[in-house]
Amino acid sequence: MKIATFNINGVRARIETLTGWLSEAQPDVVVLQEIKTQDEGFPADPIADLGYNIETHGQKGFNGVAILSKLPIEDVMRGLPGDDADEQSRYIEATVVGQRAVRIGGLYLPNGNPQPGPKFDYKLAWMKRLRARASHLRMQEMPTILLGDYNVIPEPRDAAAPDKWVDDALFQPESRAALRRILNDGWTDAIRLRDPDNARGPFTFWDYQAGAWQRDNGIRIDHILLSPQAVDLLIDTGIDRDERAKDKPSDHVPVWVDLDA
DNA sequence: ATGGTTGTTGTACAA
């Protein structure tokens with residue numbers, strides 16, 4: 001079961017970017033972030049034509065997440081538990097049934113800039129809620145993966161120029177510690193597992209500005225966290241870096257795992 | 001060097 005995350009940066013503006021990648025990469029399951037549309041505006045037809053079931057959790061103008069799956073989708077949950085007043089569409093969770101059932105949480109973690117300030121406070125509060133949800137899921141002892149745009153640079157080597165990020169919410173000690181707490185609870189960073197000793201990179205995001213892609217001035221903020229039961233099923237991981245060089249790219253590229261499930 | 005780009009919405013904002 002090939003499961004991917006892709007921050008598409010506007011699914012209506014980039015529907016051909018998305019369908020082109022889906023046709024080429026043939027993922028079984030995809031979680032999307034920043035669809036930037038309400039559910040009724042989601043361009044479902046060209047995606048359904050490629051064989052995908054679709055569940056969306058949209059929002060007007062900003063944010064918005066979705067799950068696409070060639071396999072049946074069950075028990076969909078929209079929104080991250082823990083704050084009934086939170087109206088931002090940043091989390092969708094569902095079970096996908098292949099040879100075995102896998103629980104999948106797709107997330108778009110708050111950016112948090114500028115920091116300090118209310119947006120950074122919201123980011124840290126959201127990460128506390130995510131940790132609680134992750135612990136609940138882990139205790140179910142089912143193969144589970146939590147993947148998406150985490151908006152956290154875990155370590156200096158996850159940025160081409162870490163000194164440029166020291167004042168940014170993505171690289172604050174509090175943001176990094178909150179992610180590390182979740183990992184220390186028993187989750188595995190699937191991409192880092194592949195090359196644990198890499199001195200620099202790999203990256204998943206390159207800004208549109210200042211020739212960041214051409215200079216390979218990237219960061220790694222799109223992550224795939226595996227529960228212990230999912231780690232046992234891991235076959236392969238990848239970053240579809242070439243997507244960033246194509247026409248009308250997102251500023252993020254797809255990141256994926258292949259599970260024996 | 002406080003630059004540079006993109007999508008959505010509305011002529012600003014979030015990223």
# chains A, B, ... in the order shown; residues from 1 in each chain; ligands from 1
>>> select_by_dssp(residues="stretch 5-245 of chain A", states="strand (DSSP E or B)", output="count of residues only")
63
>>> interface_residues(of="chain B", to="chain A", cutoff="9 Å", atoms="only C-alpha atoms (C1' of nucleotides)", output="PDB file with N, CA and C atoms (P, O5', C5', C4', C3', O3' and C1' of nucleotides), in the first residue's frame")
ATOM      1  P    DG B   3      11.297  45.181   1.722  1.00  0.00           P
ATOM      2  O5'  DG B   3      12.144  44.580   0.515  1.00  0.00           O
ATOM      3  C5'  DG B   3      11.583  43.620  -0.333  1.00  0.00           C
ATOM      4  C4'  DG B   3      12.549  43.366  -1.482  1.00  0.00           C
ATOM      5  C3'  DG B   3      12.161  42.212  -2.402  1.00  0.00           C
ATOM      6  O3'  DG B   3      12.619  42.490  -3.738  1.00  0.00           O
ATOM      7  C1'  DG B   3      14.233  41.724  -1.421  1.00  0.00           C
ATOM      8  P    DG B   4      11.552  42.612  -4.906  1.00  0.00           P
ATOM      9  O5'  DG B   4      11.320  41.105  -5.364  1.00  0.00           O
ATOM     10  C5'  DG B   4      12.364  40.358  -5.975  1.00  0.00           C
ATOM     11  C4'  DG B   4      12.181  38.886  -5.683  1.00  0.00           C
ATOM     12  C3'  DG B   4      10.778  38.356  -5.994  1.00  0.00           C
ATOM     13  O3'  DG B   4      10.789  37.748  -7.279  1.00  0.00           O
ATOM     14  C1'  DG B   4      11.459  37.718  -3.785  1.00  0.00           C
ATOM     15  P    DT B   5       9.438  37.549  -8.084  1.00  0.00           P
ATOM     16  O5'  DT B   5       8.664  36.381  -7.318  1.00  0.00           O
ATOM     17  C5'  DT B   5       9.155  35.061  -7.354  1.00  0.00           C
ATOM     18  C4'  DT B   5       8.057  34.114  -6.933  1.00  0.00           C
ATOM     19  C3'  DT B   5       6.770  34.218  -7.760  1.00  0.00           C
ATOM     20  O3'  DT B   5       6.361  32.912  -8.092  1.00  0.00           O
ATOM     21  C1'  DT B   5       6.274  34.432  -5.461  1.00  0.00           C
ATOM     22  P    DT B   6       5.319  32.650  -9.302  1.00  0.00           P
ATOM     23  O5'  DT B   6       4.009  32.187  -8.540  1.00  0.00           O
ATOM     24  C5'  DT B   6       4.044  30.987  -7.780  1.00  0.00           C
ATOM     25  C4'  DT B   6       2.852  30.947  -6.863  1.00  0.00           C
ATOM     26  C3'  DT B   6       1.510  31.249  -7.543  1.00  0.00           C
ATOM     27  O3'  DT B   6       0.831  30.022  -7.727  1.00  0.00           O
ATOM     28  C1'  DT B   6       1.699  32.215  -5.355  1.00  0.00           C
ATOM     29  P    DG B   7      -0.611  30.032  -8.492  1.00  0.00           P
ATOM     30  O5'  DG B   7      -1.622  30.127  -7.278  1.00  0.00           O
ATOM     31  C5'  DG B   7      -1.658  29.077  -6.322  1.00  0.00           C
ATOM     32  C4'  DG B   7      -2.827  29.277  -5.377  1.00  0.00           C
ATOM     33  C3'  DG B   7      -4.148  29.611  -6.069  1.00  0.00           C
ATOM     34  O3'  DG B   7      -5.173  28.835  -5.474  1.00  0.00           O
ATOM     35  C1'  DG B   7      -3.576  31.352  -4.548  1.00  0.00           C
ATOM     36  P    DT B   8      -6.674  28.907  -6.054  1.00  0.00           P
ATOM     37  O5'  DT B   8      -7.375  29.943  -5.064  1.00  0.00           O
ATOM     38  C5'  DT B   8      -7.431  29.627  -3.684  1.00  0.00           C
ATOM     39  C4'  DT B   8      -8.013  30.778  -2.909  1.00  0.00           C
ATOM     40  C3'  DT B   8      -9.323  31.344  -3.485  1.00  0.00           C
ATOM     41  O3'  DT B   8     -10.286  31.391  -2.457  1.00  0.00           O
ATOM     42  C1'  DT B   8      -7.774  33.076  -3.048  1.00  0.00           C
ATOM     43  P    DT B   9     -11.812  31.792  -2.757  1.00  0.00           P
ATOM     44  O5'  DT B   9     -11.864  33.332  -2.302  1.00  0.00           O
ATOM     45  C5'  DT B   9     -11.465  33.678  -0.979  1.00  0.00           C
ATOM     46  C4'  DT B   9     -11.218  35.175  -0.908  1.00  0.00           C
ATOM     47  C3'  DT B   9     -12.402  36.047  -1.361  1.00  0.00           C
ATOM     48  O3'  DT B   9     -12.832  36.839  -0.261  1.00  0.00           O
ATOM     49  C1'  DT B   9     -10.333  36.813  -2.281  1.00  0.00           C
ATOM     50  P    DA B  14      -3.781  36.887   8.026  1.00  0.00           P
ATOM     51  O5'  DA B  14      -3.182  35.586   7.323  1.00  0.00           O
ATOM     52  C5'  DA B  14      -4.053  34.535   6.919  1.00  0.00           C
ATOM     53  C4'  DA B  14      -3.283  33.546   6.070  1.00  0.00           C
ATOM     54  C3'  DA B  14      -2.038  32.979   6.762  1.00  0.00           C
ATOM     55  O3'  DA B  14      -2.141  31.567   6.793  1.00  0.00           O
ATOM     56  C1'  DA B  14      -1.520  33.686   4.553  1.00  0.00           C
ATOM     57  P    DA B  15      -1.134  30.676   7.601  1.00  0.00           P
ATOM     58  O5'  DA B  15      -0.080  30.310   6.467  1.00  0.00           O
ATOM     59  C5'  DA B  15      -0.536  29.626   5.302  1.00  0.00           C
ATOM     60  C4'  DA B  15       0.541  29.662   4.256  1.00  0.00           C
ATOM     61  C3'  DA B  15       1.906  29.149   4.715  1.00  0.00           C
ATOM     62  O3'  DA B  15       2.206  27.960   4.025  1.00  0.00           O
ATOM     63  C1'  DA B  15       2.094  31.057   3.334  1.00  0.00           C
TER      64       DA B  15
END
>>> atom_distance(atom1="atom CA of A:Ile35", atom2="atom CA of A:Val255")
16.7 Å
>>> residues_around(residues="A:Lys128", least_positions_apart="4", cutoff="12 Å", atoms="only C-alpha atoms (C1' of nucleotides)", output="number ranges by chain")
A: 80-83, 109, 121-124, 132-135, 174-175, 177-182
>>> atom_distance(atom1="atom CA of A:Leu137", atom2="atom CA of A:Gln172")
26.6 Å
>>> residues_around(residues="A:Met142", least_positions_apart="6", cutoff="10 Å", atoms="only C-alpha atoms (C1' of nucleotides)", output="list in words")
Arg100, Ala101, Val102, Arg103, Ser227, Pro228, Gln229 and Ala230 of chain A
>>> atom_distance(atom1="atom CA of A:Lys70", atom2="atom CA of A:Val29")
6.5 Å
>>> residues_around(residues="A:Asp195", least_positions_apart="5", cutoff="12 Å", atoms="only C-alpha atoms (C1' of nucleotides)", output="short mmCIF file (atom, residue, chain, number, x, y, z; two decimals) with all heavy atoms, in the first residue's frame")
data_model
loop_
_atom_site.label_atom_id
_atom_site.label_comp_id
_atom_site.auth_asym_id
_atom_site.auth_seq_id
_atom_site.Cartn_x
_atom_site.Cartn_y
_atom_site.Cartn_z
N ASP A 189 9.95 8.57 12.37
CA ASP A 189 10.06 9.47 11.21
C ASP A 189 10.55 8.63 10.02
O ASP A 189 11.73 8.33 9.91
CB ASP A 189 11.04 10.59 11.58
CG ASP A 189 11.32 11.57 10.44
OD1 ASP A 189 11.01 11.27 9.27
OD2 ASP A 189 11.88 12.64 10.76
N ALA A 190 9.63 8.27 9.13
CA ALA A 190 9.94 7.28 8.09
C ALA A 190 11.03 7.76 7.13
O ALA A 190 11.89 6.96 6.71
CB ALA A 190 8.67 6.94 7.30
N ARG A 200 23.00 16.56 5.51
CA ARG A 200 22.15 17.67 5.04
C ARG A 200 21.04 17.09 4.17
O ARG A 200 21.32 16.25 3.30
CB ARG A 200 22.99 18.66 4.21
CG ARG A 200 22.31 19.97 3.91
CD ARG A 200 22.07 20.82 5.15
NE ARG A 200 23.30 21.20 5.82
CZ ARG A 200 23.35 21.76 7.03
NH1 ARG A 200 22.24 22.00 7.69
NH2 ARG A 200 24.49 22.05 7.58
N GLY A 201 19.80 17.54 4.44
CA GLY A 201 18.67 17.08 3.66
C GLY A 201 18.23 15.69 4.05
O GLY A 201 18.70 15.16 5.05
N PRO A 202 17.31 15.07 3.29
CA PRO A 202 16.68 15.59 2.09
C PRO A 202 15.61 16.64 2.42
O PRO A 202 15.21 16.77 3.57
CB PRO A 202 16.02 14.33 1.49
CG PRO A 202 15.67 13.50 2.69
CD PRO A 202 16.78 13.74 3.67
N ASP A 236 9.36 0.63 1.80
CA ASP A 236 10.16 1.64 1.10
C ASP A 236 9.60 3.03 1.43
O ASP A 236 8.46 3.16 1.88
CB ASP A 236 10.10 1.38 -0.41
CG ASP A 236 11.22 2.07 -1.17
OD1 ASP A 236 12.13 2.65 -0.53
OD2 ASP A 236 11.18 2.04 -2.41
N THR A 237 10.43 4.06 1.19
CA THR A 237 9.99 5.46 1.33
C THR A 237 10.55 6.26 0.17
O THR A 237 11.49 5.82 -0.51
CB THR A 237 10.51 6.10 2.63
OG1 THR A 237 11.92 6.33 2.52
CG2 THR A 237 10.25 5.22 3.85
N GLY A 238 9.98 7.44 -0.07
CA GLY A 238 10.51 8.28 -1.14
C GLY A 238 10.02 9.71 -1.08
O GLY A 238 9.04 10.03 -0.39
#
>>> select_by_dssp(residues="stretch 17-250 of chain A", states="alpha helix (DSSP H)", output="VMD selection string")
chain A and resid 17 to 25 44 to 48 118 to 139 173 to 184 190 to 194 228 to 231
>>> residues_around(residues="stretch 147-162 of chain A", least_positions_apart="4", cutoff="7 Å", atoms="only C-alpha atoms (C1' of nucleotides)", output="VMD selection string")
chain A and resid 5 7 31 105 to 111 166 170 to 171 175 to 176 199 to 203 217 to 225
>>> write_last_selection(atoms="C-alpha atoms", output="PDB file, in the first residue's frame")
ATOM      1  CA  THR A   5       1.278  13.232   1.458  1.00  0.00           C
ATOM      2  CA  ASN A   7       0.652  19.911   0.063  1.00  0.00           C
ATOM      3  CA  VAL A  31      -3.528  12.963   1.924  1.00  0.00           C
ATOM      4  CA  GLY A 105      -4.283  10.741   9.824  1.00  0.00           C
ATOM      5  CA  GLY A 106      -3.710  13.540   7.288  1.00  0.00           C
ATOM      6  CA  LEU A 107      -2.670  16.840   8.851  1.00  0.00           C
ATOM      7  CA  TYR A 108      -1.834  20.432   8.006  1.00  0.00           C
ATOM      8  CA  LEU A 109      -0.107  21.745  11.094  1.00  0.00           C
ATOM      9  CA  PRO A 110      -0.366  25.526  11.681  1.00  0.00           C
ATOM     10  CA  ASN A 111       2.519  27.587  10.269  1.00  0.00           C
ATOM     11  CA  VAL A 166      16.274  30.853  13.593  1.00  0.00           C
ATOM     12  CA  LEU A 170       9.018  26.392  11.845  1.00  0.00           C
ATOM     13  CA  PHE A 171      12.400  26.150  13.575  1.00  0.00           C
ATOM     14  CA  SER A 175       8.094  23.657  17.817  1.00  0.00           C
ATOM     15  CA  ARG A 176      10.930  21.163  17.481  1.00  0.00           C
ATOM     16  CA  ALA A 199      24.559  15.438   7.050  1.00  0.00           C
ATOM     17  CA  ARG A 200      22.151  17.671   5.035  1.00  0.00           C
ATOM     18  CA  GLY A 201      18.669  17.082   3.659  1.00  0.00           C
ATOM     19  CA  PRO A 202      16.676  15.586   2.088  1.00  0.00           C
ATOM     20  CA  PHE A 203      14.162  18.415   1.545  1.00  0.00           C
ATOM     21  CA  ASN A 217      17.600  26.163  -0.651  1.00  0.00           C
ATOM     22  CA  GLY A 218      15.045  23.736   0.773  1.00  0.00           C
ATOM     23  CA  ILE A 219      13.690  22.475   4.072  1.00  0.00           C
ATOM     24  CA  ARG A 220      12.139  19.207   5.263  1.00  0.00           C
ATOM     25  CA  ILE A 221       8.719  19.904   6.810  1.00  0.00           C
ATOM     26  CA  ASP A 222       6.487  17.200   5.256  1.00  0.00           C
ATOM     27  CA  HIS A 223       6.756  14.164   7.493  1.00  0.00           C
ATOM     28  CA  ILE A 224       5.406  10.622   7.759  1.00  0.00           C
ATOM     29  CA  LEU A 225       5.177   9.224  11.296  1.00  0.00           C
TER      30      LEU A 225
END
>>> residues_around(residues="A:Val76", least_positions_apart="4", cutoff="8 Å", atoms="only C-alpha atoms (C1' of nucleotides)", output="PyMOL selection string")
chain A and resi 55+92-95
>>> decode(residues="stretch 23-43 of chain A", atoms="N, CA, C and O atoms", output="PDB file, in the first residue's frame")
ATOM      1  N   SER A  23      -1.221   9.938 -11.907  1.00  0.00           N
ATOM      2  CA  SER A  23      -1.126   8.975 -13.014  1.00  0.00           C
ATOM      3  C   SER A  23       0.251   8.341 -13.073  1.00  0.00           C
ATOM      4  O   SER A  23       0.395   7.153 -13.376  1.00  0.00           O
ATOM      5  N   GLU A  24       1.264   9.146 -12.746  1.00  0.00           N
ATOM      6  CA  GLU A  24       2.643   8.666 -12.833  1.00  0.00           C
ATOM      7  C   GLU A  24       3.035   7.842 -11.606  1.00  0.00           C
ATOM      8  O   GLU A  24       3.603   6.755 -11.725  1.00  0.00           O
ATOM      9  N   ALA A  25       2.717   8.361 -10.416  1.00  0.00           N
ATOM     10  CA  ALA A  25       3.200   7.741  -9.175  1.00  0.00           C
ATOM     11  C   ALA A  25       2.309   6.596  -8.717  1.00  0.00           C
ATOM     12  O   ALA A  25       2.773   5.729  -7.971  1.00  0.00           O
ATOM     13  N   GLN A  26       1.054   6.630  -9.110  1.00  0.00           N
ATOM     14  CA  GLN A  26       0.110   5.555  -8.768  1.00  0.00           C
ATOM     15  C   GLN A  26       0.054   5.236  -7.275  1.00  0.00           C
ATOM     16  O   GLN A  26       0.120   4.054  -6.882  1.00  0.00           O
ATOM     17  N   PRO A  27      -0.081   6.251  -6.423  1.00  0.00           N
ATOM     18  CA  PRO A  27      -0.253   5.954  -4.996  1.00  0.00           C
ATOM     19  C   PRO A  27      -1.628   5.318  -4.745  1.00  0.00           C
ATOM     20  O   PRO A  27      -2.588   5.611  -5.453  1.00  0.00           O
ATOM     21  N   ASP A  28      -1.691   4.457  -3.732  1.00  0.00           N
ATOM     22  CA  ASP A  28      -2.986   3.891  -3.335  1.00  0.00           C
ATOM     23  C   ASP A  28      -3.784   4.879  -2.501  1.00  0.00           C
ATOM     24  O   ASP A  28      -5.005   4.928  -2.587  1.00  0.00           O
ATOM     25  N   VAL A  29      -3.063   5.639  -1.668  1.00  0.00           N
ATOM     26  CA  VAL A  29      -3.706   6.597  -0.758  1.00  0.00           C
ATOM     27  C   VAL A  29      -2.902   7.893  -0.783  1.00  0.00           C
ATOM     28  O   VAL A  29      -1.666   7.861  -0.781  1.00  0.00           O
ATOM     29  N   VAL A  30      -3.606   9.029  -0.786  1.00  0.00           N
ATOM     30  CA  VAL A  30      -2.951  10.333  -0.729  1.00  0.00           C
ATOM     31  C   VAL A  30      -3.687  11.203   0.278  1.00  0.00           C
ATOM     32  O   VAL A  30      -4.917  11.251   0.268  1.00  0.00           O
ATOM     33  N   VAL A  31      -2.933  11.882   1.149  1.00  0.00           N
ATOM     34  CA  VAL A  31      -3.528  12.963   1.924  1.00  0.00           C
ATOM     35  C   VAL A  31      -3.038  14.283   1.328  1.00  0.00           C
ATOM     36  O   VAL A  31      -1.857  14.456   1.043  1.00  0.00           O
ATOM     37  N   LEU A  32      -3.985  15.180   1.111  1.00  0.00           N
ATOM     38  CA  LEU A  32      -3.686  16.498   0.545  1.00  0.00           C
ATOM     39  C   LEU A  32      -3.825  17.562   1.623  1.00  0.00           C
ATOM     40  O   LEU A  32      -4.699  17.460   2.495  1.00  0.00           O
ATOM     41  N   GLN A  33      -2.970  18.612   1.518  1.00  0.00           N
ATOM     42  CA  GLN A  33      -3.111  19.794   2.368  1.00  0.00           C
ATOM     43  C   GLN A  33      -3.234  21.037   1.499  1.00  0.00           C
ATOM     44  O   GLN A  33      -2.802  21.037   0.357  1.00  0.00           O
ATOM     45  N   GLU A  34      -3.779  22.087   2.129  1.00  0.00           N
ATOM     46  CA  GLU A  34      -3.994  23.377   1.461  1.00  0.00           C
ATOM     47  C   GLU A  34      -4.793  23.203   0.172  1.00  0.00           C
ATOM     48  O   GLU A  34      -4.400  23.711  -0.883  1.00  0.00           O
ATOM     49  N   ILE A  35      -5.921  22.505   0.274  1.00  0.00           N
ATOM     50  CA  ILE A  35      -6.784  22.415  -0.908  1.00  0.00           C
ATOM     51  C   ILE A  35      -7.429  23.776  -1.191  1.00  0.00           C
ATOM     52  O   ILE A  35      -7.823  24.043  -2.314  1.00  0.00           O
ATOM     53  N   LYS A  36      -7.527  24.627  -0.192  1.00  0.00           N
ATOM     54  CA  LYS A  36      -8.001  26.017  -0.345  1.00  0.00           C
ATOM     55  C   LYS A  36      -9.355  26.106  -1.029  1.00  0.00           C
ATOM     56  O   LYS A  36      -9.583  27.019  -1.847  1.00  0.00           O
ATOM     57  N   THR A  37     -10.219  25.186  -0.689  1.00  0.00           N
ATOM     58  CA  THR A  37     -11.581  25.242  -1.212  1.00  0.00           C
ATOM     59  C   THR A  37     -12.538  24.594  -0.217  1.00  0.00           C
ATOM     60  O   THR A  37     -12.141  23.756   0.585  1.00  0.00           O
ATOM     61  N   GLN A  38     -13.785  25.007  -0.286  1.00  0.00           N
ATOM     62  CA  GLN A  38     -14.826  24.296   0.448  1.00  0.00           C
ATOM     63  C   GLN A  38     -15.090  22.953  -0.234  1.00  0.00           C
ATOM     64  O   GLN A  38     -14.742  22.749  -1.400  1.00  0.00           O
ATOM     65  N   ASP A  39     -15.762  22.059   0.499  1.00  0.00           N
ATOM     66  CA  ASP A  39     -15.998  20.710  -0.025  1.00  0.00           C
ATOM     67  C   ASP A  39     -16.692  20.746  -1.392  1.00  0.00           C
ATOM     68  O   ASP A  39     -16.342  19.979  -2.298  1.00  0.00           O
ATOM     69  N   GLU A  40     -17.674  21.648  -1.540  1.00  0.00           N
ATOM     70  CA  GLU A  40     -18.463  21.666  -2.781  1.00  0.00           C
ATOM     71  C   GLU A  40     -17.650  22.178  -3.973  1.00  0.00           C
ATOM     72  O   GLU A  40     -18.036  21.955  -5.120  1.00  0.00           O
ATOM     73  N   GLY A  41     -16.530  22.852  -3.708  1.00  0.00           N
ATOM     74  CA  GLY A  41     -15.696  23.344  -4.801  1.00  0.00           C
ATOM     75  C   GLY A  41     -14.578  22.395  -5.193  1.00  0.00           C
ATOM     76  O   GLY A  41     -13.826  22.669  -6.135  1.00  0.00           O
ATOM     77  N   PHE A  42     -14.454  21.265  -4.483  1.00  0.00           N
ATOM     78  CA  PHE A  42     -13.344  20.339  -4.735  1.00  0.00           C
ATOM     79  C   PHE A  42     -13.507  19.679  -6.108  1.00  0.00           C
ATOM     80  O   PHE A  42     -14.576  19.165  -6.431  1.00  0.00           O
ATOM     81  N   PRO A  43     -12.463  19.699  -6.932  1.00  0.00           N
ATOM     82  CA  PRO A  43     -12.551  19.131  -8.290  1.00  0.00           C
ATOM     83  C   PRO A  43     -12.490  17.605  -8.266  1.00  0.00           C
ATOM     84  O   PRO A  43     -11.481  16.997  -8.634  1.00  0.00           O
TER      85      PRO A  43
END
